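The data block below is protein-v7.tsv; it holds TSV, C-alpha atoms and all ligand atoms.
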```tsv
chain	number	residue	atom	x	y	z
W	846	MET	CA	14.74	32.03	-5.47
W	847	CYS	CA	13.15	32.22	-2.02
W	848	ALA	CA	12.77	29.11	0.14
W	849	ARG	CA	9.30	27.64	0.26
W	850	ASN	CA	7.55	26.58	3.41
W	851	THR	CA	7.31	22.86	2.56
W	852	ARG	CA	4.41	21.09	4.27
W	853	ILE	CA	5.35	17.71	5.72
W	854	LEU	CA	2.42	15.35	5.19
W	855	PHE	CA	2.53	12.94	8.11
W	856	GLY	CA	0.58	9.71	7.70
W	857	LYS	CA	-0.14	9.12	11.37
W	858	PRO	CA	-3.09	11.50	11.87
W	859	VAL	CA	-4.72	10.12	8.71
W	860	ALA	CA	-4.10	6.52	9.78
W	861	ASP	CA	-5.36	7.26	13.31
W	862	ALA	CA	-8.64	8.66	11.96
W	863	ILE	CA	-9.15	5.53	9.82
W	864	LEU	CA	-8.25	3.16	12.66
W	865	THR	CA	-10.53	4.95	15.13
W	866	SER	CA	-13.41	4.57	12.71
W	867	VAL	CA	-12.64	0.85	12.17
W	868	ARG	CA	-12.28	0.23	15.94
W	869	LYS	CA	-15.66	1.89	16.63
W	870	LYS	CA	-17.42	-0.15	13.94
W	871	VAL	CA	-15.83	-3.41	15.10
W	872	ALA	CA	-16.94	-2.70	18.68
W	873	THR	CA	-20.60	-2.59	17.58
W	874	LEU	CA	-20.54	-6.00	15.82
W	875	LYS	CA	-22.43	-8.92	17.29
W	876	GLY	CA	-20.81	-12.36	17.43
W	877	ARG	CA	-17.19	-13.08	16.54
W	878	PRO	CA	-14.88	-10.23	15.50
W	879	PRO	CA	-13.60	-9.84	11.91
W	880	SER	CA	-10.63	-12.12	11.30
W	881	VAL	CA	-7.64	-12.12	8.97
W	882	VAL	CA	-4.92	-14.70	8.33
W	883	PHE	CA	-1.45	-13.54	7.30
W	884	LEU	CA	0.53	-16.07	5.27
W	885	ARG	CA	4.26	-15.57	5.17
W	886	VAL	CA	6.79	-17.78	3.36
W	887	GLY	CA	10.44	-17.74	4.47
W	888	ASP	CA	12.22	-15.22	6.68
W	889	ASP	CA	12.73	-12.14	4.53
W	890	GLY	CA	13.52	-9.42	7.10
W	891	ALA	CA	11.19	-6.77	5.67
W	892	SER	CA	8.29	-9.25	5.35
W	893	VAL	CA	8.72	-10.40	8.96
W	894	SER	CA	8.58	-6.80	10.11
W	895	TYR	CA	5.55	-5.86	7.93
W	896	VAL	CA	3.51	-8.86	9.05
W	897	LYS	CA	4.30	-8.12	12.71
W	898	GLN	CA	3.08	-4.53	12.26
W	899	LYS	CA	-0.11	-5.72	10.56
W	900	ALA	CA	-0.85	-8.29	13.29
W	901	LYS	CA	-0.22	-5.73	16.05
W	902	CYS	CA	-2.49	-3.18	14.41
W	903	ALA	CA	-5.24	-5.79	13.94
W	904	SER	CA	-5.27	-6.61	17.65
W	905	GLU	CA	-5.39	-2.88	18.50
W	906	VAL	CA	-8.62	-2.37	16.56
W	907	GLY	CA	-10.29	-5.59	17.75
W	908	ILE	CA	-9.63	-7.65	14.61
W	909	GLN	CA	-8.47	-11.21	15.12
W	910	GLY	CA	-5.20	-11.68	13.25
W	911	GLU	CA	-3.37	-14.97	12.88
W	912	THR	CA	0.06	-15.38	11.27
W	913	ARG	CA	0.99	-18.64	9.54
W	914	VAL	CA	4.61	-19.03	8.57
W	915	PHE	CA	5.78	-21.48	5.91
W	916	ASP	CA	9.26	-22.71	5.26
W	917	GLU	CA	11.21	-21.13	2.36
W	918	THR	CA	11.03	-24.49	0.50
W	919	THR	CA	7.23	-24.88	0.78
W	920	THR	CA	5.73	-25.92	-2.56
W	921	GLU	CA	3.17	-23.98	-4.54
W	922	GLU	CA	0.74	-26.93	-4.17
W	923	ARG	CA	1.01	-26.79	-0.36
W	924	LEU	CA	0.31	-23.03	-0.37
W	925	LEU	CA	-2.61	-23.43	-2.77
W	926	ALA	CA	-4.10	-26.12	-0.53
W	927	GLU	CA	-3.83	-23.76	2.46
W	928	ILE	CA	-5.56	-20.94	0.59
W	929	ILE	CA	-8.40	-23.22	-0.54
W	930	ARG	CA	-8.86	-24.32	3.07
W	931	LEU	CA	-8.96	-20.68	4.25
W	932	ASN	CA	-11.40	-19.75	1.45
W	933	GLU	CA	-13.79	-22.37	2.81
W	934	ASP	CA	-13.34	-21.53	6.48
W	935	PRO	CA	-16.41	-19.53	7.63
W	936	ASN	CA	-14.42	-18.11	10.55
W	937	VAL	CA	-11.89	-16.41	8.26
W	938	ASP	CA	-12.85	-13.12	6.56
W	939	GLY	CA	-9.51	-11.99	5.19
W	940	ILE	CA	-6.50	-13.70	3.62
W	941	LEU	CA	-3.25	-11.80	3.12
W	942	VAL	CA	-0.30	-13.42	1.41
W	943	GLN	CA	2.77	-11.37	2.17
W	944	LEU	CA	4.92	-10.73	-0.90
W	945	PRO	CA	7.50	-11.38	-2.22
W	946	PHE	CA	7.46	-15.18	-2.49
W	947	PRO	CA	10.48	-17.42	-3.10
W	948	LYS	CA	11.27	-17.79	-6.82
W	949	HIS	CA	9.91	-21.35	-7.16
W	950	VAL	CA	6.38	-20.17	-6.31
W	951	ASN	CA	4.25	-18.58	-9.04
W	952	THR	CA	2.93	-15.50	-7.27
W	953	LEU	CA	0.01	-14.94	-9.66
W	954	ASN	CA	-1.24	-18.51	-9.18
W	955	ILE	CA	-1.31	-17.96	-5.43
W	956	LEU	CA	-2.95	-14.53	-5.54
W	957	ARG	CA	-5.58	-15.75	-8.01
W	958	ALA	CA	-6.57	-18.59	-5.68
W	959	VAL	CA	-7.78	-16.22	-2.94
W	960	ASP	CA	-11.58	-15.83	-2.73
W	961	SER	CA	-12.25	-12.30	-4.02
W	962	LYS	CA	-14.46	-11.57	-0.97
W	963	LYS	CA	-11.53	-12.36	1.34
W	964	ASP	CA	-8.95	-10.56	-0.78
W	965	VAL	CA	-7.98	-7.85	1.74
W	966	ASP	CA	-5.01	-6.79	-0.43
W	967	GLY	CA	-7.20	-6.30	-3.52
W	968	PHE	CA	-4.74	-8.31	-5.61
W	969	THR	CA	-7.07	-10.84	-7.25
W	970	ASP	CA	-8.04	-10.54	-10.91
W	971	VAL	CA	-11.64	-9.89	-9.89
W	972	ASN	CA	-10.84	-6.98	-7.58
W	973	GLY	CA	-8.22	-5.59	-9.96
W	974	GLY	CA	-10.76	-5.67	-12.80
W	975	ARG	CA	-13.43	-4.01	-10.67
W	976	LEU	CA	-11.02	-1.24	-9.74
W	977	TRP	CA	-10.35	-0.46	-13.42
W	978	GLN	CA	-14.14	-0.43	-14.00
W	979	GLY	CA	-14.39	2.17	-11.24
W	980	ASP	CA	-16.46	0.14	-8.75
W	981	GLY	CA	-13.90	-1.60	-6.55
W	982	SER	CA	-14.56	-2.19	-2.86
W	983	LEU	CA	-11.37	-4.09	-1.90
W	984	ILE	CA	-8.64	-1.79	-3.19
W	985	PRO	CA	-4.87	-2.35	-2.77
W	986	CYS	CA	-3.89	-0.76	0.54
W	987	THR	CA	-0.97	1.49	-0.41
W	988	PRO	CA	-2.73	3.28	-3.31
W	989	ALA	CA	-5.95	3.53	-1.28
W	990	GLY	CA	-3.89	5.03	1.57
W	991	ILE	CA	-2.32	7.59	-0.78
W	992	VAL	CA	-5.77	8.76	-1.86
W	993	GLU	CA	-6.86	9.01	1.80
W	994	LEU	CA	-3.79	11.16	2.52
W	995	LEU	CA	-4.56	13.47	-0.42
W	996	LYS	CA	-8.17	13.82	0.84
W	997	TYR	CA	-7.09	14.51	4.42
W	998	TYR	CA	-4.67	17.26	3.41
W	999	ARG	CA	-7.09	18.57	0.76
W	1000	ILE	CA	-4.68	18.14	-2.12
W	1001	ALA	CA	-6.82	18.28	-5.24
W	1002	THR	CA	-6.10	15.84	-8.07
W	1003	GLU	CA	-8.71	17.01	-10.57
W	1004	GLY	CA	-7.02	18.12	-13.80
W	1005	LYS	CA	-3.57	17.72	-12.24
W	1006	GLN	CA	-0.57	16.04	-13.82
W	1007	VAL	CA	0.28	13.02	-11.68
W	1008	VAL	CA	3.47	11.10	-12.42
W	1009	ILE	CA	3.95	7.70	-10.78
W	1010	VAL	CA	7.40	6.12	-10.85
W	1011	ASN	CA	6.31	2.49	-10.37
W	1012	ARG	CA	4.27	0.10	-12.51
W	1013	SER	CA	3.66	-2.73	-10.04
W	1014	SER	CA	0.29	-4.28	-9.27
W	1015	ILE	CA	0.78	-3.28	-5.64
W	1016	VAL	CA	1.31	0.47	-6.16
W	1017	GLY	CA	1.62	1.98	-9.65
W	1018	LYS	CA	-1.14	0.33	-11.65
W	1019	PRO	CA	-3.89	0.44	-8.99
W	1020	LEU	CA	-2.96	4.03	-8.07
W	1021	ALA	CA	-3.28	5.02	-11.73
W	1022	ALA	CA	-6.74	3.41	-11.82
W	1023	LEU	CA	-7.82	5.28	-8.67
W	1024	LEU	CA	-6.61	8.67	-9.87
W	1025	LEU	CA	-8.31	8.20	-13.25
W	1026	ARG	CA	-11.72	7.57	-11.66
W	1027	HIS	CA	-14.54	10.01	-12.28
W	1028	SER	CA	-14.51	11.29	-8.73
W	1029	GLU	CA	-13.41	14.23	-6.64
W	1030	PHE	CA	-10.02	12.69	-5.80
W	1031	GLY	CA	-9.63	11.22	-9.28
W	1032	ASN	CA	-9.94	13.04	-12.63
W	1033	ALA	CA	-6.16	13.39	-12.89
W	1034	THR	CA	-3.95	13.08	-15.96
W	1035	VAL	CA	-1.75	10.13	-15.02
W	1036	THR	CA	1.63	9.10	-16.38
W	1037	VAL	CA	3.21	5.84	-15.22
W	1038	CYS	CA	7.01	5.58	-15.49
W	1039	HIS	CA	9.22	2.53	-15.07
W	1040	SER	CA	12.73	1.20	-15.58
W	1041	TYR	CA	12.55	1.56	-19.38
W	1042	THR	CA	11.26	5.13	-19.34
W	1043	GLN	CA	13.55	7.48	-21.21
W	1044	ASN	CA	14.36	11.01	-20.08
W	1045	LEU	CA	12.73	10.33	-16.73
W	1046	SER	CA	13.54	13.71	-15.23
W	1047	ASP	CA	11.85	15.53	-18.15
W	1048	ILE	CA	8.65	13.67	-17.25
W	1049	THR	CA	8.86	13.85	-13.46
W	1050	LYS	CA	9.51	17.60	-13.70
W	1051	GLN	CA	6.05	18.00	-15.26
W	1052	ALA	CA	4.34	16.50	-12.23
W	1053	ASP	CA	2.04	18.50	-9.98
W	1054	ILE	CA	1.91	15.36	-7.84
W	1055	LEU	CA	4.91	13.02	-8.03
W	1056	VAL	CA	4.62	9.53	-6.56
W	1057	LEU	CA	7.94	7.75	-6.01
W	1058	ALA	CA	8.19	4.02	-5.46
W	1059	CYS	CA	11.20	2.73	-7.33
W	1060	GLY	CA	13.46	1.62	-4.49
W	1061	LYS	CA	16.30	4.10	-5.09
W	1062	PRO	CA	17.22	5.77	-1.84
W	1063	HIS	CA	17.54	9.57	-2.04
W	1064	ALA	CA	17.56	9.46	-5.86
W	1065	PHE	CA	15.02	12.21	-6.50
W	1066	GLY	CA	16.29	15.69	-5.75
W	1067	ARG	CA	15.65	19.06	-7.36
W	1068	ASP	CA	16.74	17.88	-10.82
W	1069	TYR	CA	13.69	15.61	-10.98
W	1070	VAL	CA	11.03	17.71	-9.32
W	1071	LYS	CA	9.38	21.02	-10.08
W	1072	GLU	CA	8.96	23.65	-7.38
W	1073	SER	CA	5.39	23.67	-6.14
W	1074	ALA	CA	5.07	19.90	-6.61
W	1075	VAL	CA	3.58	17.59	-4.01
W	1076	VAL	CA	5.87	14.57	-3.53
W	1077	ILE	CA	4.43	11.30	-2.25
W	1078	ASP	CA	7.33	9.05	-1.27
W	1079	VAL	CA	6.44	5.36	-1.13
W	1080	GLY	CA	10.08	4.17	-1.13
W	1081	ILE	CA	11.10	2.08	1.86
W	1082	ASN	CA	14.83	1.47	1.51
W	1083	ARG	CA	17.14	0.02	4.11
W	1084	VAL	CA	20.42	1.93	3.97
W	1085	PRO	CA	23.44	0.92	6.07
W	1086	ALA	CA	23.78	2.94	9.26
W	1087	ASP	CA	25.93	2.97	12.34
W	1088	ASN	CA	23.14	2.01	14.75
W	1089	GLU	CA	21.92	-1.09	16.61
W	1090	ARG	CA	19.99	-2.47	13.63
W	1091	GLY	CA	22.78	-1.68	11.17
W	1092	TYR	CA	20.41	0.16	8.83
W	1093	MET	CA	17.96	3.02	8.64
W	1094	ILE	CA	14.86	3.49	6.51
W	1095	ARG	CA	15.03	6.07	3.75
W	1096	GLY	CA	12.66	7.02	0.93
W	1097	ASP	CA	13.30	7.55	-2.78
W	1098	ALA	CA	13.13	11.33	-2.39
W	1099	ASP	CA	16.11	13.37	-1.31
W	1100	MET	CA	14.15	14.89	1.54
W	1101	GLU	CA	16.89	17.32	2.54
W	1102	ALA	CA	17.17	18.73	-0.98
W	1103	LEU	CA	13.40	18.98	-1.46
W	1104	THR	CA	12.51	20.55	1.87
W	1105	GLY	CA	12.23	24.28	1.27
W	1106	TYR	CA	11.78	23.66	-2.47
W	1107	VAL	CA	8.56	21.68	-3.02
W	1108	ASP	CA	5.10	22.53	-1.78
W	1109	ALA	CA	4.61	19.36	0.26
W	1110	LEU	CA	6.12	15.95	0.78
W	1111	THR	CA	5.53	12.80	2.77
W	1112	PRO	CA	8.32	11.76	5.14
W	1113	VAL	CA	9.91	8.30	5.26
W	1114	PRO	CA	9.38	6.80	7.74
W	1115	GLY	CA	6.07	8.19	8.99
W	1116	GLY	CA	4.36	9.03	5.69
W	1117	ILE	CA	2.60	6.41	3.60
W	1118	GLY	CA	3.72	3.38	5.68
W	1119	PRO	CA	1.14	3.76	8.49
W	1120	LEU	CA	-1.60	4.25	5.91
W	1121	THR	CA	-0.94	0.92	4.19
W	1122	VAL	CA	-1.58	-0.86	7.48
W	1123	ALA	CA	-4.63	1.26	8.34
W	1124	MET	CA	-6.23	0.56	4.94
W	1125	LEU	CA	-5.65	-3.15	5.48
W	1126	MET	CA	-7.78	-2.95	8.63
W	1127	LYS	CA	-10.47	-1.07	6.72
W	1128	ASN	CA	-10.38	-3.74	4.00
W	1129	THR	CA	-10.62	-6.53	6.59
W	1130	LEU	CA	-13.78	-4.98	8.01
W	1131	GLN	CA	-15.11	-4.66	4.46
W	1132	ALA	CA	-14.27	-8.34	3.80
W	1133	TYR	CA	-16.14	-9.26	6.99
W	1134	TYR	CA	-19.26	-7.48	5.66
W	1135	LEU	CA	-18.86	-9.15	2.24
W	1136	CYS	CA	-18.51	-12.59	3.85
W	1137	GLN	CA	-21.70	-12.01	5.89
W	1138	GLN	CA	-23.71	-11.57	2.68
W	1139	PRO	CA	-25.48	-14.68	1.40
I	1	LIG	N1	4.74	-6.66	0.00
I	1	LIG	C1	5.01	-5.34	-0.14
I	1	LIG	N2	3.87	-4.63	-0.04
I	1	LIG	C2	2.87	-5.52	0.15
I	1	LIG	C3	1.46	-5.35	0.33
I	1	LIG	O1	0.88	-4.26	0.30
I	1	LIG	N3	0.77	-6.51	0.50
I	1	LIG	C4	1.38	-7.73	0.52
I	1	LIG	N4	0.61	-8.79	0.69
I	1	LIG	N5	2.67	-7.89	0.36
I	1	LIG	C5	3.41	-6.78	0.18
```

Starting from the file, lay out its structure as C-alpha cells.
Amino acid sequence: MCARNTRILFGKPVADAILTSVRKKVATLKGRPPSVVFLRVGDDGASVSYVKQKAKCASEVGIQGETRVFDETTTEERLLAEIIRLNEDPNVDGILVQLPFPKHVNTLNILRAVDSKKDVDGFTDVNGGRLWQGDGSLIPCTPAGIVELLKYYRIATEGKQVVIVNRSSIVGKPLAALLLRHSEFGNATVTVCHSYTQNLSDITKQADILVLACGKPHAFGRDYVKESAVVIDVGINRVPADNERGYMIRGDADMEALTGYVDALTPVPGGIGPLTVAMLMKNTLQAYYLCQQP
C-alpha cells in the first residue's frame, strides 16, 4: 500500500473569504450597523471561550456584538423575559443563546422563544422546519460552514455516501438536511449514526465523506475509515497536556493515523472551528436584512 498525499483542508482561507464579504457589505450599510446579543449562562470554560471568539470576530467585521452573562442559578422565566425583550428591541438584529444551559433550564423552551428573524443560530422550530423544506435562510452555523468548506475545496457531494457521527440539532440533523437538498452541494446519500448505532465501523468505512462530531478524542483511525475518504472533523475535545493551559484541543479523528491514508481531512484546531464563527457573522447580516423588512 503506498502512502497517499492527504490534503489538509484548512478552514481559515474559507472563513476569511466569508468574513471579507460580510465586512464589505456591512461597510456599505446606511445607519446603525447590524447587531447581535450573545447570552451566556454560567461560566462553562468552553462557552466563555466561544462567546469571546464570536464577539471579537463581530467587532472585526463591523457588527455590534454585546455579551450578557447570567448567573448559573438564573431561572428559565428570567431568561425568557430577556429574550422577549430582545425580540422587541428594534436595535437588536440577532440573538444567540450559547449552549449548553444549566440542567434546570429547558433548552428547547428558550430556543423556541427567539424571534425566527433574529435566530442567528438557526435553532428555532421555524428555521429548522424551513431547512428541512429546502428553503432555509438562517441555517445552523457549523453545518453551513461544512458545506462552505466542501464548496471551497470543490469536494463534490452529489451521489456520494456521507456518514455523519452525530445526531444533534446543532450539527448532525441540520447537516443531513443540507446534504439531502436538491442542489449542487447536496444530493448525497446520508447516514446519521449515534450512540446506539451498532457495528459503527462497518458503516463509517462505507463513507466517501465522513463527518465526525461525537466528542471522542482520536477515536477514529484507519479501522473506521476507508482510504480515499474525506474526513470532516468537528470534534473539539480538551485533552490534558503539559502546557500553560493544562489542556490541548484535539479532534475525534486520529489525525496521525489518517494522514497519508485518506484523501483529505480537516485539522483540529484550524478546520471547521473558524467556519462556525464566520457563518454566524453571515447569519447576523442576514438577520439584519430580515429585520429591515416590514
Ligand atoms: N454550543 C456549541 N455549539 C454551539 C453553537 O453553534 N451555537 C450555540 N449557540 N451554542 C453552541

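By chain and then residue number, the residues within 9 Å of Gln1137 (chain W) are Asp938, Ala1132 and Tyr1133 of chain W, counting only C-alpha atoms and disregarding those fewer than 4 positions away in sequence.
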
Can I get the selection written as a PDB file, in the coordinates of the input, with C-alpha atoms?
```pdb
ATOM      1  CA  ASP W 938     -12.850 -13.120   6.560  1.00  0.00           C
ATOM      2  CA  ALA W1132     -14.270  -8.340   3.800  1.00  0.00           C
ATOM      3  CA  TYR W1133     -16.140  -9.260   6.990  1.00  0.00           C
TER       4      TYR W1133
END
```

Ligand LIG 1 (chain I): axis-aligned bounding box, 4 Å on each side, centre and edge lengths in Å, one decimal, as JSON:
```
{"center_x": 2.8, "center_y": -6.5, "center_z": 0.3, "size_x": 12.4, "size_y": 12.5, "size_z": 8.8}
```

| task | Go through the chains and note each residue within 12 Å of ligand LIG 1 (chain I), using all atoms listed in the file, then give the set as a ChimeraX atom specification. | result | /W:882-886,889-896,899,939-946,952,955-956,959,964-969,984-990,1013-1017,1019,1058,1060,1079-1081,1117-1125,1128

| How many Å lie between CA of Gln909 (chain W) and CA of Lys962 (chain W), rounded to one decimal? | 17.2 Å

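One finds CA of Leu953 (chain W) at 17.8 Å from CA of Thr918 (chain W).
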
| query | Excluding same-chain residues fewer than 4 positions from Thr920 (chain W), what lies within 12 Å of it counting all atoms listed in the file, as JSON, numbers by chain? | reply | {"W": [886, 887, 915, 916, 924, 925, 926, 927, 946, 947, 948, 949, 950, 951, 952, 955]}

| Length of the CA of Lys1018 (chain W) to CA of Pro879 (chain W) vector [Å] | 28.5 Å

Identify, on the basis of only C-alpha atoms, every residue whose closest approach to region 1020-1024 of chain W does not exceed 8 Å; exclude the query and any residue fewer than 2 positions from it along the same chain; express the result as a short mmCIF file (atom, residue, chain, number, x, y, z; two decimals) with C-alpha atoms, in the frame of the given file.
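See selection.cif below for the written result:
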```cif
data_model
loop_
_atom_site.label_atom_id
_atom_site.label_comp_id
_atom_site.auth_asym_id
_atom_site.auth_seq_id
_atom_site.Cartn_x
_atom_site.Cartn_y
_atom_site.Cartn_z
CA LEU W 976 -11.02 -1.24 -9.74
CA TRP W 977 -10.35 -0.46 -13.42
CA GLY W 979 -14.39 2.17 -11.24
CA PRO W 988 -2.73 3.28 -3.31
CA ALA W 989 -5.95 3.53 -1.28
CA VAL W 992 -5.77 8.76 -1.86
CA THR W 1002 -6.10 15.84 -8.07
CA ILE W 1009 3.95 7.70 -10.78
CA VAL W 1016 1.31 0.47 -6.16
CA GLY W 1017 1.62 1.98 -9.65
CA LYS W 1018 -1.14 0.33 -11.65
CA ARG W 1026 -11.72 7.57 -11.66
CA PHE W 1030 -10.02 12.69 -5.80
CA GLY W 1031 -9.63 11.22 -9.28
CA ASN W 1032 -9.94 13.04 -12.63
CA ALA W 1033 -6.16 13.39 -12.89
CA THR W 1034 -3.95 13.08 -15.96
CA VAL W 1035 -1.75 10.13 -15.02
CA THR W 1036 1.63 9.10 -16.38
CA VAL W 1037 3.21 5.84 -15.22
#
```

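All protein, DNA and RNA residues at most 12 Å from (8.5, 18.2, 7.4) are W:Arg849, W:Asn850, W:Thr851, W:Arg852, W:Ile853, W:Leu854, W:Phe855, W:Gly856, W:Val1076, W:Met1100, W:Glu1101, W:Leu1103, W:Thr1104, W:Gly1105, W:Tyr1106, W:Val1107, W:Asp1108, W:Ala1109, W:Leu1110, W:Thr1111, W:Pro1112, W:Val1113, W:Pro1114, W:Gly1115, W:Gly1116, using all atoms listed in the file.
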
| task | Quick one: residues within 6 Å of (20.9, 1.8, 4.4) (file frame), counting all atoms listed in the file, please, as a count of residues only. | result | 6

| query | Can you tell me, as an MDAnalysis selection string, what residues are no more than 10 Å from Lys1050 (chain W) when counting only C-alpha atoms, ignoring any on the same chain fewer than 2 positions away? | reply | chainID W and resid 1008 1045:1048 1052:1055 1067:1072 1074

Save region 885-906 of chain W to a file: N, CA, C and O atoms, as a PDB file, in the first residue's frame.
```pdb
ATOM      1  N   ARG W 885     -25.086  34.291  27.660  1.00  0.00           N
ATOM      2  CA  ARG W 885     -24.358  33.147  28.223  1.00  0.00           C
ATOM      3  C   ARG W 885     -24.806  32.960  29.661  1.00  0.00           C
ATOM      4  O   ARG W 885     -24.975  33.931  30.394  1.00  0.00           O
ATOM      5  N   VAL W 886     -25.023  31.701  30.061  1.00  0.00           N
ATOM      6  CA  VAL W 886     -25.447  31.408  31.433  1.00  0.00           C
ATOM      7  C   VAL W 886     -24.348  30.582  32.099  1.00  0.00           C
ATOM      8  O   VAL W 886     -23.962  29.534  31.589  1.00  0.00           O
ATOM      9  N   GLY W 887     -23.848  31.075  33.238  1.00  0.00           N
ATOM     10  CA  GLY W 887     -22.806  30.337  33.968  1.00  0.00           C
ATOM     11  C   GLY W 887     -21.431  30.567  33.373  1.00  0.00           C
ATOM     12  O   GLY W 887     -21.247  31.421  32.492  1.00  0.00           O
ATOM     13  N   ASP W 888     -20.462  29.786  33.855  1.00  0.00           N
ATOM     14  CA  ASP W 888     -19.055  30.021  33.500  1.00  0.00           C
ATOM     15  C   ASP W 888     -18.382  28.807  32.891  1.00  0.00           C
ATOM     16  O   ASP W 888     -17.185  28.593  33.087  1.00  0.00           O
ATOM     17  N   ASP W 889     -19.121  28.014  32.145  1.00  0.00           N
ATOM     18  CA  ASP W 889     -18.527  26.871  31.459  1.00  0.00           C
ATOM     19  C   ASP W 889     -17.345  27.373  30.593  1.00  0.00           C
ATOM     20  O   ASP W 889     -17.506  28.287  29.779  1.00  0.00           O
ATOM     21  N   GLY W 890     -16.168  26.765  30.814  1.00  0.00           N
ATOM     22  CA  GLY W 890     -14.937  27.258  30.186  1.00  0.00           C
ATOM     23  C   GLY W 890     -15.034  27.348  28.670  1.00  0.00           C
ATOM     24  O   GLY W 890     -14.646  28.356  28.069  1.00  0.00           O
ATOM     25  N   ALA W 891     -15.568  26.294  28.038  1.00  0.00           N
ATOM     26  CA  ALA W 891     -15.638  26.290  26.575  1.00  0.00           C
ATOM     27  C   ALA W 891     -16.594  27.387  26.091  1.00  0.00           C
ATOM     28  O   ALA W 891     -16.296  28.106  25.133  1.00  0.00           O
ATOM     29  N   SER W 892     -17.737  27.562  26.804  1.00  0.00           N
ATOM     30  CA  SER W 892     -18.708  28.583  26.383  1.00  0.00           C
ATOM     31  C   SER W 892     -18.116  29.987  26.505  1.00  0.00           C
ATOM     32  O   SER W 892     -18.328  30.836  25.633  1.00  0.00           O
ATOM     33  N   VAL W 893     -17.370  30.218  27.582  1.00  0.00           N
ATOM     34  CA  VAL W 893     -16.732  31.538  27.757  1.00  0.00           C
ATOM     35  C   VAL W 893     -15.828  31.807  26.558  1.00  0.00           C
ATOM     36  O   VAL W 893     -15.871  32.882  25.947  1.00  0.00           O
ATOM     37  N   SER W 894     -15.037  30.810  26.195  1.00  0.00           N
ATOM     38  CA  SER W 894     -14.082  30.978  25.107  1.00  0.00           C
ATOM     39  C   SER W 894     -14.802  31.164  23.760  1.00  0.00           C
ATOM     40  O   SER W 894     -14.450  32.048  22.968  1.00  0.00           O
ATOM     41  N   TYR W 895     -15.857  30.393  23.496  1.00  0.00           N
ATOM     42  CA  TYR W 895     -16.573  30.523  22.216  1.00  0.00           C
ATOM     43  C   TYR W 895     -17.210  31.911  22.087  1.00  0.00           C
ATOM     44  O   TYR W 895     -17.148  32.536  21.029  1.00  0.00           O
ATOM     45  N   VAL W 896     -17.834  32.363  23.176  1.00  0.00           N
ATOM     46  CA  VAL W 896     -18.530  33.658  23.084  1.00  0.00           C
ATOM     47  C   VAL W 896     -17.513  34.787  22.882  1.00  0.00           C
ATOM     48  O   VAL W 896     -17.754  35.713  22.105  1.00  0.00           O
ATOM     49  N   LYS W 897     -16.366  34.671  23.529  1.00  0.00           N
ATOM     50  CA  LYS W 897     -15.303  35.680  23.324  1.00  0.00           C
ATOM     51  C   LYS W 897     -14.887  35.717  21.862  1.00  0.00           C
ATOM     52  O   LYS W 897     -14.750  36.784  21.266  1.00  0.00           O
ATOM     53  N   GLN W 898     -14.681  34.542  21.273  1.00  0.00           N
ATOM     54  CA  GLN W 898     -14.268  34.482  19.853  1.00  0.00           C
ATOM     55  C   GLN W 898     -15.331  35.110  18.958  1.00  0.00           C
ATOM     56  O   GLN W 898     -15.034  35.831  18.019  1.00  0.00           O
ATOM     57  N   LYS W 899     -16.599  34.831  19.265  1.00  0.00           N
ATOM     58  CA  LYS W 899     -17.694  35.351  18.433  1.00  0.00           C
ATOM     59  C   LYS W 899     -17.749  36.873  18.538  1.00  0.00           C
ATOM     60  O   LYS W 899     -17.909  37.576  17.535  1.00  0.00           O
ATOM     61  N   ALA W 900     -17.604  37.398  19.771  1.00  0.00           N
ATOM     62  CA  ALA W 900     -17.678  38.845  19.977  1.00  0.00           C
ATOM     63  C   ALA W 900     -16.503  39.541  19.285  1.00  0.00           C
ATOM     64  O   ALA W 900     -16.668  40.598  18.663  1.00  0.00           O
ATOM     65  N   LYS W 901     -15.337  38.933  19.358  1.00  0.00           N
ATOM     66  CA  LYS W 901     -14.137  39.530  18.728  1.00  0.00           C
ATOM     67  C   LYS W 901     -14.321  39.577  17.206  1.00  0.00           C
ATOM     68  O   LYS W 901     -14.073  40.597  16.577  1.00  0.00           O
ATOM     69  N   CYS W 902     -14.808  38.482  16.660  1.00  0.00           N
ATOM     70  CA  CYS W 902     -14.996  38.410  15.213  1.00  0.00           C
ATOM     71  C   CYS W 902     -16.041  39.435  14.760  1.00  0.00           C
ATOM     72  O   CYS W 902     -15.869  40.095  13.736  1.00  0.00           O
ATOM     73  N   ALA W 903     -17.114  39.585  15.561  1.00  0.00           N
ATOM     74  CA  ALA W 903     -18.155  40.562  15.210  1.00  0.00           C
ATOM     75  C   ALA W 903     -17.526  41.949  15.089  1.00  0.00           C
ATOM     76  O   ALA W 903     -17.746  42.663  14.092  1.00  0.00           O
ATOM     77  N   SER W 904     -16.726  42.346  16.068  1.00  0.00           N
ATOM     78  CA  SER W 904     -16.167  43.701  16.027  1.00  0.00           C
ATOM     79  C   SER W 904     -15.222  43.841  14.831  1.00  0.00           C
ATOM     80  O   SER W 904     -15.138  44.909  14.231  1.00  0.00           O
ATOM     81  N   GLU W 905     -14.561  42.763  14.429  1.00  0.00           N
ATOM     82  CA  GLU W 905     -13.635  42.843  13.288  1.00  0.00           C
ATOM     83  C   GLU W 905     -14.349  43.059  11.949  1.00  0.00           C
ATOM     84  O   GLU W 905     -13.740  43.545  11.006  1.00  0.00           O
ATOM     85  N   VAL W 906     -15.603  42.652  11.865  1.00  0.00           N
ATOM     86  CA  VAL W 906     -16.318  42.852  10.585  1.00  0.00           C
ATOM     87  C   VAL W 906     -17.303  44.026  10.654  1.00  0.00           C
ATOM     88  O   VAL W 906     -18.074  44.239   9.738  1.00  0.00           O
TER      89      VAL W 906
END
```
